[in-house]
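Structure record follows, encoded as structure tokens.
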Amino acid sequence: MSGAGVKMTETVAVPVVVPNSAWRREVEKRSGQKVTACYQCEKCTNGCPAAFAMDTVPHRLMRQLALGLESEVLAANTFWVCASCETCTTRCPNGIDIAHVMDTLRQLSLPGANPAAKNAAILNSEFLGSIRRHGRVHELEMVTGYTLKSEGIAGLLRQTGVGLGMLRKGKLKLLPSKLRGVKQVKGIFRRVVKG
Amino acid sequence: MTMKVSYYPGCSLKGTAREYGESVEAVFRHLGMELDELADWNCCGASSAHAVSDELAVGLGLRNLEIADRTGFDLVVPCAACFQRLKVAEKAVKSGKVKPQNGYRGAFRIRHLADFLGEDISPKLVKERVKKPLEGLKVVCYYGCLTSRPPEITDAARPEDPETMDNLMTLLGADVENWSYKTDCCGGNLILTRPKVAKKMVQKLFDKALEAGADAIVVACPMCFSNLDMKQAELTRETGREYHLPILYLSELLGLAFGDRDTGKWLRGHEVDPRPLLKEKGLL
Ligand code: SF4
Ligand code: SF4
């Protein structure tokens with residue numbers, strides 16, 4: 001809990017916080033979630049299996065959101081570490097879909113702005129690229145593309161053994177399966193890009 | 001009359017989770033039910049689509065629902081992530097957030113495989129098919145996060161303590177251990193982007209499963225499976241604690257208990273070989 005471990009004799013500098021309700025309202029509108037309903041019970045954080053790796057744990061992020069602290073929130077690694085497991089959403093006594101707020105923050109985060117986003121951005125673009133091209137994910141293509149872009153040739157070579165083992169077991173298909181409706185899937189992507 | 005259900009296998013069951021796909025098909029054959037794979041289904045978008053756009057995520061799910069609507073059979077989904085994505089699309093239609101194509105009725109139910117087998121068909125039917133009870137096999141059932149959460153989307157009756165797999169395993173004669181980590185996330189969706197975080201999350205599951213006295217963990221999701229099955233050698237190297245806990249698909253154990261001849265073939269594909277354990281228990 002905040003404040004725990006602070007000795008009574010210490011002087012603690014309280015930072016001046018300037019709330020930005022415009023940004024808070026934008027997040028609330030996009031996510032459809034009322035973040036101001038949060039009363040800091042910490043249930044989300046206590047049940048979060050990934051909180052140990054977050055620089056700002058979920059309930060603190062919710063508080064920062066309510067205050068509209070845009071740059072603090074968007075600089076956190078929280079929503080890139082979040083595993084989308086929906087525990088927080090299930091348990092929040094105020095019905096806030098916190099996992100969906102995490103999605104909204106991922107969507108609002110500008111490319112390249114947050115170093116914590118790097119791998120996820122590569123993965124999402126490889127993954128969605130594969131769906132867009134074939135209608136389904138071609139696992140070999142997706143993982144190869146991801147590894148090459150995130151870890152370079154050396155990384156790819158390190159993974160070759162695993163890949164070959166899986167090929168031998170018939171678990172990796174060399175060619176993607178082709179969908180007859182791949183045009184419809186491309187259409188779904190196009191509508192979103194336009195919208 | 002054979003009972004027919006629609007089937008959305010998802011991308012991994014055709015590739016890395018091949019043994020899951022094959023064993024699911026076998027189990028339905030044993031039960032005398034027909035799996036009608038959705039014609040020309042597309043990827044549900046998994047965790048990448050919703051990270052990028054709500055509309056894209058719902059759009060990808062919706063196309064599959066429109067295909068399922070043509071026959072109107074209940075739709076069985078073996079992957080937790082696909083299941084949840086399709087349910088999100090279903091709820092978006094119901095709440096009027098998106099409009100499906102004309103004539104869409106949406107009168108079918110979307111069911112995760114474990115719920116379908118554990119709740120929608122009679123336990124008697126399952127029990128009648130058992131040729132080789134899984135006696136002496138100590139398991140914990142691991143449901144993962146998205147089969148039951150959030151309940152507003154999944155319609156799960158017991159989101160914090162599901163029991164469909166536990167009941168099925170008991171029917172098969174296995175020794176089902178209690179544990180509190182049934183629905184704790186394994187970090188499967190961080191396996192590529194944040195492997196260190198994901199490894200800590202699975203390690204906790206292994207430790208708790210071992211503490212509960214389990215010989216193996218039963219799963220019903222290809223993402224959970226690969227995250228749990230593939231990381232054990234690495235964890236052993238890095239932590240000095242020996243991790244060698246077979247991970248078994250629900251359908252593989254059903255197939256084994258039903259006496260399916262292909263069981264050995266499915267199990268060959270695992271990273272942690274479950275065959276020595278099953279042989280020791282006289283089951284293989
Ligand atoms: S569980 Fe809900 S109310 Fe409690 S701290 Fe988290 S967001 Fe706020
Ligand atoms: S959805 Fe994300 S923030 Fe919420 S409990 Fe799971 S990992 Fe934590």
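In the structure tokens, chains take the letters A, B, ... in the order shown, each chain's residues start at 1, and ligands count up from 1 in the order shown.
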Interface residues on chain B facing chain A, 6 Å, only C-alpha atoms, written as a ChimeraX atom specification: /B:15-16,40,42-43,48,51-52,145,149-150,185,187,193
Residue contacts of Val202 in chain B (6 Å, only C-alpha atoms) excluding same-chain residues fewer than 3 positions away, as a VMD selection string: chain B and resid 186 199 205
Can you write out the residues you just picked, keeping N, CA and C atoms, as a compact mmCIF listing (two decimals), in the first residue's frame?
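Contents of the output file out38.txt:
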# COMPACT_ATOMS: atom_id res chain seq x y z
N CYS B 186 -1.99 -18.27 -17.16
CA CYS B 186 -0.65 -18.84 -17.34
C CYS B 186 0.27 -17.88 -18.08
N LYS B 199 7.05 -16.94 -17.92
CA LYS B 199 7.68 -18.09 -17.23
C LYS B 199 7.40 -18.06 -15.73
N LEU B 205 2.09 -21.99 -11.39
CA LEU B 205 1.11 -23.06 -11.61
C LEU B 205 1.73 -24.43 -11.36
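Note that the spacing between CA of Arg129 in chain B and CA of Gly32 in chain B amounts to 10.1 Å.
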Within 12 Å of ligand 1, counting only C-alpha atoms and all ligand atoms, residues as number ranges by chain: A: 1, 33-48, 57-66, 86-102
Could you name the residues that touch Lys94 in chain B at 12 Å or less, counting only C-alpha atoms, but leaving out those on the same chain fewer than 5 positions away, as a PDB file with N, CA, C and O atoms, in the first residue's frame?
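New file result07.pdb:
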ATOM      1  N   LEU B  62     -17.394 -11.945 -35.806  1.00  0.00           N
ATOM      2  CA  LEU B  62     -18.742 -11.948 -36.369  1.00  0.00           C
ATOM      3  C   LEU B  62     -18.849 -12.765 -37.658  1.00  0.00           C
ATOM      4  O   LEU B  62     -19.826 -13.492 -37.867  1.00  0.00           O
ATOM      5  N   LYS B  87     -17.544 -15.102 -28.233  1.00  0.00           N
ATOM      6  CA  LYS B  87     -18.574 -14.654 -27.301  1.00  0.00           C
ATOM      7  C   LYS B  87     -18.646 -13.118 -27.270  1.00  0.00           C
ATOM      8  O   LYS B  87     -19.725 -12.549 -27.160  1.00  0.00           O
ATOM      9  N   VAL B  88     -17.495 -12.465 -27.365  1.00  0.00           N
ATOM     10  CA  VAL B  88     -17.495 -10.994 -27.393  1.00  0.00           C
ATOM     11  C   VAL B  88     -18.279 -10.507 -28.616  1.00  0.00           C
ATOM     12  O   VAL B  88     -19.099  -9.587 -28.524  1.00  0.00           O
ATOM     13  N   ALA B  89     -18.061 -11.165 -29.751  1.00  0.00           N
ATOM     14  CA  ALA B  89     -18.794 -10.774 -30.969  1.00  0.00           C
ATOM     15  C   ALA B  89     -20.289 -11.028 -30.784  1.00  0.00           C
ATOM     16  O   ALA B  89     -21.134 -10.203 -31.163  1.00  0.00           O
ATOM     17  N   LYS B  99     -23.985  -4.731 -36.436  1.00  0.00           N
ATOM     18  CA  LYS B  99     -25.107  -5.311 -37.157  1.00  0.00           C
ATOM     19  C   LYS B  99     -24.621  -6.478 -38.007  1.00  0.00           C
ATOM     20  O   LYS B  99     -23.776  -6.304 -38.864  1.00  0.00           O
ATOM     21  N   PRO B 100     -25.156  -7.680 -37.758  1.00  0.00           N
ATOM     22  CA  PRO B 100     -24.785  -8.802 -38.620  1.00  0.00           C
ATOM     23  C   PRO B 100     -25.524  -8.692 -39.952  1.00  0.00           C
ATOM     24  O   PRO B 100     -26.376  -7.819 -40.124  1.00  0.00           O
ATOM     25  N   TYR B 104     -29.825 -12.753 -40.097  1.00  0.00           N
ATOM     26  CA  TYR B 104     -29.100 -13.416 -39.007  1.00  0.00           C
ATOM     27  C   TYR B 104     -30.029 -13.660 -37.830  1.00  0.00           C
ATOM     28  O   TYR B 104     -30.720 -12.749 -37.373  1.00  0.00           O
ATOM     29  N   ARG B 105     -30.079 -14.910 -37.362  1.00  0.00           N
ATOM     30  CA  ARG B 105     -30.972 -15.215 -36.249  1.00  0.00           C
ATOM     31  C   ARG B 105     -30.217 -15.324 -34.925  1.00  0.00           C
ATOM     32  O   ARG B 105     -30.691 -14.933 -33.883  1.00  0.00           O
ATOM     33  N   GLY B 106     -29.017 -15.931 -34.991  1.00  0.00           N
ATOM     34  CA  GLY B 106     -28.212 -16.048 -33.769  1.00  0.00           C
ATOM     35  C   GLY B 106     -28.863 -16.903 -32.706  1.00  0.00           C
ATOM     36  O   GLY B 106     -28.728 -16.639 -31.517  1.00  0.00           O
ATOM     37  N   ALA B 107     -29.559 -17.960 -33.148  1.00  0.00           N
ATOM     38  CA  ALA B 107     -30.287 -18.781 -32.176  1.00  0.00           C
ATOM     39  C   ALA B 107     -29.473 -19.975 -31.691  1.00  0.00           C
ATOM     40  O   ALA B 107     -30.030 -20.928 -31.165  1.00  0.00           O
ATOM     41  N   ILE B 153     -19.538 -11.956 -20.406  1.00  0.00           N
ATOM     42  CA  ILE B 153     -19.289 -12.355 -21.792  1.00  0.00           C
ATOM     43  C   ILE B 153     -19.456 -13.871 -21.954  1.00  0.00           C
ATOM     44  O   ILE B 153     -20.103 -14.350 -22.867  1.00  0.00           O
TER      45      ILE B 153
END
Surrounding residues of Glu211 in chain B excluding itself and chain neighbours under 2 positions, 12 Å, only C-alpha atoms, as a PyMOL selection string: chain B and resi 139-140+177-181+204-209+213-216
DSSP strand (DSSP E) residues within range 14-108 of chain B, as a ChimeraX atom specification: /B:33-37,75-77
Those same residues - all heavy atoms - I'd like them written as a PDB file, in the first residue's frame.
ATOM      1  N   MET B  33     -21.321 -38.415 -32.067  1.00  0.00           N
ATOM      2  CA  MET B  33     -21.784 -37.078 -32.460  1.00  0.00           C
ATOM      3  C   MET B  33     -20.980 -36.555 -33.624  1.00  0.00           C
ATOM      4  O   MET B  33     -19.805 -36.881 -33.776  1.00  0.00           O
ATOM      5  CB  MET B  33     -21.643 -36.125 -31.273  1.00  0.00           C
ATOM      6  CG  MET B  33     -22.767 -36.304 -30.289  1.00  0.00           C
ATOM      7  SD  MET B  33     -22.679 -35.111 -28.993  1.00  0.00           S
ATOM      8  CE  MET B  33     -21.379 -35.768 -28.060  1.00  0.00           C
ATOM      9  N   GLU B  34     -21.640 -35.735 -34.415  1.00  0.00           N
ATOM     10  CA  GLU B  34     -20.973 -35.240 -35.603  1.00  0.00           C
ATOM     11  C   GLU B  34     -20.507 -33.798 -35.422  1.00  0.00           C
ATOM     12  O   GLU B  34     -21.273 -32.938 -35.003  1.00  0.00           O
ATOM     13  CB  GLU B  34     -21.938 -35.317 -36.784  1.00  0.00           C
ATOM     14  CG  GLU B  34     -21.215 -35.390 -38.107  1.00  0.00           C
ATOM     15  CD  GLU B  34     -22.210 -35.506 -39.260  1.00  0.00           C
ATOM     16  OE1 GLU B  34     -23.114 -36.364 -39.189  1.00  0.00           O
ATOM     17  OE2 GLU B  34     -22.077 -34.717 -40.200  1.00  0.00           O
ATOM     18  N   LEU B  35     -19.233 -33.567 -35.752  1.00  0.00           N
ATOM     19  CA  LEU B  35     -18.674 -32.219 -35.703  1.00  0.00           C
ATOM     20  C   LEU B  35     -18.753 -31.624 -37.101  1.00  0.00           C
ATOM     21  O   LEU B  35     -18.133 -32.135 -38.025  1.00  0.00           O
ATOM     22  CB  LEU B  35     -17.205 -32.269 -35.294  1.00  0.00           C
ATOM     23  CG  LEU B  35     -16.845 -32.414 -33.825  1.00  0.00           C
ATOM     24  CD1 LEU B  35     -15.337 -32.530 -33.681  1.00  0.00           C
ATOM     25  CD2 LEU B  35     -17.370 -31.243 -33.007  1.00  0.00           C
ATOM     26  N   ASP B  36     -19.485 -30.553 -37.225  1.00  0.00           N
ATOM     27  CA  ASP B  36     -19.638 -29.930 -38.528  1.00  0.00           C
ATOM     28  C   ASP B  36     -18.742 -28.683 -38.560  1.00  0.00           C
ATOM     29  O   ASP B  36     -19.147 -27.620 -38.076  1.00  0.00           O
ATOM     30  CB  ASP B  36     -21.134 -29.575 -38.682  1.00  0.00           C
ATOM     31  CG  ASP B  36     -21.463 -29.091 -40.079  1.00  0.00           C
ATOM     32  OD1 ASP B  36     -20.674 -29.354 -41.000  1.00  0.00           O
ATOM     33  OD2 ASP B  36     -22.519 -28.439 -40.228  1.00  0.00           O
ATOM     34  N   GLU B  37     -17.522 -28.859 -39.086  1.00  0.00           N
ATOM     35  CA  GLU B  37     -16.571 -27.731 -39.070  1.00  0.00           C
ATOM     36  C   GLU B  37     -17.114 -26.585 -39.919  1.00  0.00           C
ATOM     37  O   GLU B  37     -17.525 -26.788 -41.062  1.00  0.00           O
ATOM     38  CB  GLU B  37     -15.208 -28.202 -39.600  1.00  0.00           C
ATOM     39  CG  GLU B  37     -14.164 -27.107 -39.554  1.00  0.00           C
ATOM     40  CD  GLU B  37     -12.753 -27.604 -39.908  1.00  0.00           C
ATOM     41  OE1 GLU B  37     -12.416 -28.760 -39.565  1.00  0.00           O
ATOM     42  OE2 GLU B  37     -12.012 -26.827 -40.534  1.00  0.00           O
ATOM     43  N   LEU B  75     -22.406 -24.108 -31.369  1.00  0.00           N
ATOM     44  CA  LEU B  75     -21.036 -24.006 -31.872  1.00  0.00           C
ATOM     45  C   LEU B  75     -20.036 -24.379 -30.779  1.00  0.00           C
ATOM     46  O   LEU B  75     -19.973 -23.717 -29.741  1.00  0.00           O
ATOM     47  CB  LEU B  75     -20.794 -22.563 -32.352  1.00  0.00           C
ATOM     48  CG  LEU B  75     -19.408 -22.195 -32.851  1.00  0.00           C
ATOM     49  CD1 LEU B  75     -19.009 -23.040 -34.060  1.00  0.00           C
ATOM     50  CD2 LEU B  75     -19.352 -20.710 -33.224  1.00  0.00           C
ATOM     51  N   VAL B  76     -19.266 -25.440 -31.022  1.00  0.00           N
ATOM     52  CA  VAL B  76     -18.277 -25.901 -30.039  1.00  0.00           C
ATOM     53  C   VAL B  76     -16.903 -25.340 -30.389  1.00  0.00           C
ATOM     54  O   VAL B  76     -16.474 -25.404 -31.546  1.00  0.00           O
ATOM     55  CB  VAL B  76     -18.230 -27.448 -29.993  1.00  0.00           C
ATOM     56  CG1 VAL B  76     -17.086 -27.926 -29.116  1.00  0.00           C
ATOM     57  CG2 VAL B  76     -19.559 -27.997 -29.489  1.00  0.00           C
ATOM     58  N   VAL B  77     -16.238 -24.753 -29.384  1.00  0.00           N
ATOM     59  CA  VAL B  77     -14.938 -24.118 -29.595  1.00  0.00           C
ATOM     60  C   VAL B  77     -13.933 -24.681 -28.586  1.00  0.00           C
ATOM     61  O   VAL B  77     -14.139 -24.557 -27.380  1.00  0.00           O
ATOM     62  CB  VAL B  77     -15.045 -22.586 -29.395  1.00  0.00           C
ATOM     63  CG1 VAL B  77     -13.762 -21.900 -29.814  1.00  0.00           C
ATOM     64  CG2 VAL B  77     -16.243 -22.017 -30.148  1.00  0.00           C
TER      65      VAL B  77
END
Selected residue, from B:Met230, B:Val197, B:Cys11, B:Lys4, that lies nearest to Met142 in chain A when counting only C-alpha atoms: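 When distances to Met142 in chain A are compared using only C-alpha atoms, the smallest one comes from B:Cys11.
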Atomic distance atom 8 (Fe, counted along the ligand's line) of ligand 2 - CA of Glu160 in chain B, expressed in Å with one decimal: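 Taking atom 8 (Fe, counted along the ligand's line) of ligand 2 and CA of Glu160 in chain B, their separation equals 15.2 Å.
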